[in-house]
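S.K.: entry21.csv is reproduced below (CSV, C-alpha atoms and all ligand atoms).
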chain,number,residue,atom,x,y,z
A,21,MET,CA,-9.5,-26.0,7.8
A,22,THR,CA,-10.4,-24.0,4.8
A,23,ALA,CA,-7.8,-22.7,2.3
A,24,ALA,CA,-8.5,-19.1,3.5
A,25,ALA,CA,-8.1,-20.0,7.1
A,26,SER,CA,-4.9,-21.9,6.5
A,27,GLY,CA,-3.5,-18.8,4.6
A,28,THR,CA,-3.1,-20.5,1.3
A,29,GLY,CA,-6.2,-19.2,-0.5
A,30,SER,CA,-7.0,-16.0,-2.3
A,31,GLU,CA,-8.2,-13.2,0.0
A,32,PHE,CA,-9.7,-11.3,-3.0
A,33,THR,CA,-12.0,-14.2,-3.9
A,34,ASN,CA,-12.7,-15.4,-0.4
A,35,PRO,CA,-16.2,-17.0,-0.5
A,36,ASN,CA,-16.9,-15.7,3.1
A,37,LEU,CA,-16.9,-12.1,1.7
A,38,GLU,CA,-19.8,-10.4,-0.1
A,39,GLN,CA,-18.7,-7.4,-2.1
A,40,MET,CA,-20.5,-4.2,-1.3
A,41,PHE,CA,-18.5,-1.5,-3.1
A,42,SER,CA,-16.1,-2.2,-6.0
A,43,ALA,CA,-12.7,-0.5,-6.3
A,44,GLU,CA,-14.1,1.6,-9.2
A,45,ILE,CA,-17.2,2.8,-7.2
A,46,ILE,CA,-15.0,3.7,-4.2
A,47,SER,CA,-12.5,5.5,-6.5
A,48,GLU,CA,-15.3,7.7,-8.0
A,49,ARG,CA,-16.8,8.5,-4.6
A,50,VAL,CA,-13.4,9.4,-3.1
A,51,LYS,CA,-12.6,11.6,-6.1
A,52,ALA,CA,-15.9,13.5,-5.5
A,53,ILE,CA,-15.2,14.0,-1.8
A,54,GLY,CA,-11.7,15.3,-2.7
A,55,ALA,CA,-13.2,17.8,-5.2
A,56,LYS,CA,-15.7,19.0,-2.6
A,57,ILE,CA,-13.0,19.5,0.0
A,58,THR,CA,-10.9,21.3,-2.6
A,59,ARG,CA,-13.8,23.8,-3.0
A,60,ASP,CA,-14.5,24.1,0.7
A,61,TYR,CA,-11.0,24.6,1.9
A,62,ALA,CA,-9.5,27.0,-0.7
A,63,GLU,CA,-7.5,29.7,1.3
A,64,LYS,CA,-7.5,27.5,4.4
A,65,ASP,CA,-4.6,25.9,6.3
A,66,LEU,CA,-5.7,22.3,5.9
A,67,VAL,CA,-4.4,19.4,8.0
A,68,VAL,CA,-5.9,16.0,7.3
A,69,VAL,CA,-5.6,13.7,10.4
A,70,GLY,CA,-5.8,10.0,9.7
A,71,VAL,CA,-7.0,7.7,12.5
A,72,LEU,CA,-4.7,4.6,12.3
A,73,LYS,CA,-4.8,2.1,11.0
A,74,GLY,CA,-8.2,1.8,9.3
A,75,SER,CA,-8.1,5.2,7.5
A,76,CYS,CA,-4.7,4.7,5.8
A,77,ILE,CA,-5.9,3.7,2.4
A,78,PHE,CA,-8.9,6.1,2.3
A,79,LEU,CA,-6.6,9.0,3.4
A,80,SER,CA,-3.9,8.1,0.8
A,81,ASP,CA,-6.4,8.1,-2.0
A,82,LEU,CA,-8.4,11.1,-0.7
A,83,ILE,CA,-5.5,13.6,-0.4
A,84,ARG,CA,-4.5,12.9,-4.0
A,85,HIS,CA,-7.8,14.4,-5.0
A,86,ILE,CA,-7.5,17.5,-2.9
A,87,ASP,CA,-5.9,20.1,-5.1
A,88,LEU,CA,-4.7,22.4,-2.3
A,89,LYS,CA,-1.6,22.9,0.0
A,90,LEU,CA,-2.2,20.6,2.9
A,91,SER,CA,-0.3,18.5,5.5
A,92,ILE,CA,-1.2,15.2,7.0
A,93,ASP,CA,-0.8,13.8,10.5
A,94,PHE,CA,-1.8,10.6,12.2
A,95,MET,CA,-3.3,9.5,15.5
A,96,ALA,CA,-3.8,6.0,16.9
A,97,VAL,CA,-6.4,5.4,19.5
A,98,SER,CA,-7.9,2.4,21.3
A,99,SER,CA,-11.3,2.3,22.7
A,100,TYR,CA,-11.7,1.3,26.3
A,101,LYS,CA,-14.1,-1.6,26.6
A,102,ASP,CA,-16.2,-2.8,29.5
A,103,GLY,CA,-16.5,-6.4,28.4
A,104,THR,CA,-17.4,-6.1,24.7
A,105,VAL,CA,-19.2,-2.8,25.1
A,106,SER,CA,-17.3,0.4,24.4
A,107,THR,CA,-17.2,2.8,27.4
A,108,GLY,CA,-16.8,5.8,25.1
A,109,ASP,CA,-13.4,6.7,26.4
A,110,VAL,CA,-10.3,6.3,24.2
A,111,GLU,CA,-6.6,5.9,25.0
A,112,ILE,CA,-4.2,7.8,22.7
A,113,LEU,CA,-1.7,5.3,21.5
A,114,LYS,CA,0.0,7.8,19.2
A,115,ASP,CA,-0.6,11.5,19.3
A,116,LEU,CA,-0.3,14.1,16.5
A,117,THR,CA,3.3,15.0,15.6
A,118,ASN,CA,2.5,18.7,15.2
A,119,PRO,CA,0.2,21.2,17.0
A,120,ILE,CA,-3.1,22.1,15.2
A,121,ARG,CA,-3.7,25.5,16.7
A,122,GLY,CA,-5.1,27.8,14.1
A,123,LYS,CA,-5.3,25.0,11.5
A,124,ASP,CA,-8.3,23.7,9.6
A,125,VAL,CA,-8.5,20.1,10.5
A,126,ILE,CA,-10.3,17.2,8.9
A,127,ILE,CA,-10.3,14.0,10.8
A,128,CYS,CA,-10.2,11.1,8.4
A,129,GLU,CA,-11.9,7.9,9.6
A,130,ASP,CA,-12.6,4.5,8.0
A,131,ILE,CA,-16.0,4.0,9.5
A,132,VAL,CA,-18.4,5.6,12.1
A,133,ASP,CA,-20.4,3.0,14.0
A,134,THR,CA,-21.6,4.0,17.5
A,135,GLY,CA,-19.7,7.3,17.1
A,136,LEU,CA,-18.2,7.0,20.5
A,137,THR,CA,-14.6,7.0,19.3
A,138,LEU,CA,-14.9,10.0,17.0
A,139,PHE,CA,-17.0,11.9,19.5
A,140,ARG,CA,-14.2,11.6,22.1
A,141,LEU,CA,-11.6,12.4,19.5
A,142,MET,CA,-13.5,15.6,18.5
A,143,GLU,CA,-13.5,16.5,22.2
A,144,ILE,CA,-9.8,15.9,22.5
A,145,LEU,CA,-8.8,17.7,19.3
A,146,GLY,CA,-11.4,20.4,19.9
A,147,SER,CA,-9.5,21.6,22.9
A,148,ARG,CA,-6.4,22.3,21.0
A,149,GLY,CA,-7.3,25.6,19.4
A,150,ALA,CA,-7.9,24.5,15.8
A,151,ASN,CA,-9.6,27.1,13.6
A,152,SER,CA,-12.1,24.4,12.4
A,153,LEU,CA,-12.6,20.7,13.0
A,154,LYS,CA,-14.5,18.5,10.6
A,155,ILE,CA,-15.0,14.8,9.9
A,156,ALA,CA,-14.5,12.8,6.7
A,157,THR,CA,-15.4,9.1,6.9
A,158,LEU,CA,-15.4,6.5,4.2
A,159,LEU,CA,-18.3,4.6,5.7
A,160,ASP,CA,-21.2,5.6,8.0
A,161,LYS,CA,-23.2,2.9,9.7
A,162,PRO,CA,-26.0,5.0,11.2
A,163,GLU,CA,-28.1,2.2,12.8
A,164,PRO,CA,-25.9,1.4,15.9
A,165,ARG,CA,-25.1,5.1,16.5
A,166,ILE,CA,-25.1,6.1,20.2
A,167,LYS,CA,-23.7,9.6,19.6
A,168,LYS,CA,-26.5,10.8,17.4
A,169,GLU,CA,-25.3,14.4,17.7
A,170,LEU,CA,-22.1,13.6,15.9
A,171,VAL,CA,-22.0,15.6,12.6
A,172,ILE,CA,-20.4,13.9,9.7
A,173,ASP,CA,-19.3,16.5,7.2
A,174,TYR,CA,-18.0,14.2,4.4
A,175,CYS,CA,-19.1,10.7,3.9
A,176,GLY,CA,-18.4,8.1,1.3
A,177,PHE,CA,-21.2,5.6,1.7
A,178,GLN,CA,-23.9,4.8,4.3
A,179,ILE,CA,-24.1,1.1,5.0
A,180,PRO,CA,-26.5,-1.2,6.9
A,181,ASN,CA,-25.5,-2.7,10.2
A,182,ARG,CA,-23.1,-5.3,8.9
A,183,PHE,CA,-19.4,-6.0,9.7
A,184,VAL,CA,-17.3,-4.9,6.7
A,185,VAL,CA,-13.7,-5.3,5.7
A,186,GLY,CA,-11.4,-4.1,3.0
A,187,TYR,CA,-9.9,-0.9,1.7
A,188,GLY,CA,-8.2,-0.4,5.1
A,189,LEU,CA,-10.8,-2.0,7.3
A,190,ASP,CA,-9.7,-5.2,9.0
A,191,ALA,CA,-11.0,-8.3,10.8
A,192,ALA,CA,-8.5,-9.5,13.4
A,193,GLY,CA,-5.8,-7.6,11.4
A,194,ARG,CA,-6.6,-9.1,8.0
A,195,TYR,CA,-8.3,-7.9,4.8
A,196,ARG,CA,-7.0,-4.3,4.9
A,197,ASN,CA,-5.4,-4.9,1.5
A,198,LEU,CA,-8.7,-5.8,-0.3
A,199,PRO,CA,-9.2,-3.2,-3.1
A,200,PHE,CA,-13.0,-3.4,-2.5
A,201,ILE,CA,-15.3,-3.2,0.6
A,202,ALA,CA,-17.1,-6.4,1.5
A,203,ALA,CA,-19.4,-7.6,4.2
A,204,VAL,CA,-18.3,-10.7,6.2
A,205,LYS,CA,-20.9,-13.4,5.7
A,206,ASP,CA,-19.9,-15.6,8.6
A,207,PRO,CA,-17.8,-13.9,11.4
A,208,ASP,CA,-17.0,-17.4,12.8
A,209,LEU,CA,-15.1,-18.2,9.6
A,210,ILE,CA,-12.8,-15.2,9.8
B,1,LIG,P1,-17.3,3.5,17.0
B,1,LIG,O1,-16.6,4.2,18.1
B,1,LIG,O2,-17.9,4.5,16.0
B,1,LIG,O3,-18.3,2.5,17.4
B,1,LIG,O4,-16.2,2.6,16.3
B,1,LIG,C1,-15.5,3.0,15.2
B,1,LIG,C2,-14.4,2.0,15.0
B,1,LIG,O5,-14.9,0.6,15.2
B,1,LIG,C3,-13.9,2.1,13.6
B,1,LIG,O6,-12.8,3.0,13.5
B,1,LIG,C4,-13.5,0.6,13.3
B,1,LIG,O7,-12.1,0.4,13.8
B,1,LIG,C5,-14.4,-0.2,14.2
B,1,LIG,N1,-15.5,-0.7,13.4
B,1,LIG,C6,-16.8,-0.4,13.5
B,1,LIG,N2,-17.6,-1.1,12.6
B,1,LIG,C7,-16.7,-1.8,11.8
B,1,LIG,C8,-16.9,-2.7,10.7
B,1,LIG,O8,-18.0,-3.0,10.2
B,1,LIG,N3,-15.8,-3.2,10.2
B,1,LIG,C9,-14.5,-3.0,10.7
B,1,LIG,N4,-13.5,-3.6,10.2
B,1,LIG,N5,-14.3,-2.2,11.8
B,1,LIG,C10,-15.4,-1.6,12.3
What is this structure when it is put down as structure tokens?
Ligand code: 5GP
M.R.:
Amino acid sequence: MTAAASGTGSEFTNPNLEQMFSAEIISERVKAIGAKITRDYAEKDLVVVGVLKGSCIFLSDLIRHIDLKLSIDFMAVSSYKDGTVSTGDVEILKDLTNPIRGKDVIICEDIVDTGLTLFRLMEILGSRGANSLKIATLLDKPEPRIKKELVIDYCGFQIPNRFVVGYGLDAAGRYRNLPFIAAVKDPDLI
């Protein structure tokens, strides 16, 4: 058993991880997105909705660069799977605490892959009378996209079709605490 697998090694220097975006690069990009949202949402009634758990770190950093009155809320969803393939339907594990009628909502996601989860979430929240509904995602993986019509309004980085972890993104519940984003070299060694 490797040191990482036994839980005794450093996660931050795990040799099975290949760094893609450093903490500094992420910070600059998140700051720029926050500045853009600040410009776009002046005079609006902004609610930033985080999709748990992956978006928690992105959301925490992002809202501190949005210089406006805003509130936050959270949802937790799980995708229904047919074997290993997503069916596109989602189960709401935790719903919003407050109504979004008349609000300007930004859904904050960690990563858009097939787009099935966010597409369904847009349908669900779209039926609740929000004044506007947009998407901010830290990462966009366009290659496996099924819902090509999904519009991503704010995006941190586009990435190739690799499995990534860190800065909120997990593999089997681990690695969310990495300050950087890394691709997993060998998924069997997770
Ligand atoms: P989608 O419905 O767009 O296919 O799936 C989005 C969800 O799949 C994300 O919120 C995330 O939980 C998970 N996901 C997709 N790609 C990755 C990845 O590269 N790394 C991690 N950690 N999760 C991913």
S.K.: At a cut-off of 7 Å around ligand LIG 1 (chain B), and using only C-alpha atoms and all ligand atoms, what residues come up? Please write them as a PyMOL selection string.
M.R.: chain A and resi 74+129-138+182-185+189-191
S.K.: At what distance in Å, to one decimal, does atom CA of Asn181 of chain A lie from atom CA of Thr33 of chain A?
M.R.: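 The value is 22.7 Å.
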S.K.: What separation in Å, quoted to one decimal, exists between atom CA of Glu44 of chain A and atom CA of Leu88 of chain A?
M.R.: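 Atom CA of Leu88 of chain A lies at a distance of 23.8 Å from atom CA of Glu44 of chain A.
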S.K.: With distances taken over all atoms listed in the file, which of A:Gly149, A:Ile166, A:Asp124, A:Ile210 is nearest to Gly193 of chain A?
M.R.: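 The shortest atom-to-atom distance to Gly193 of chain A comes from A:Ile210.
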S.K.: Mind checking which residues fall within 7 Å of Gly186 of chain A, counting all atoms listed in the file, ignoring those fewer than 5 positions away in the same chain, and posting them as a list of chain:residue names?
M.R.: A:Tyr195, A:Arg196, A:Asn197, A:Leu198, A:Pro199, A:Phe200, A:Ile201, A:Ala202
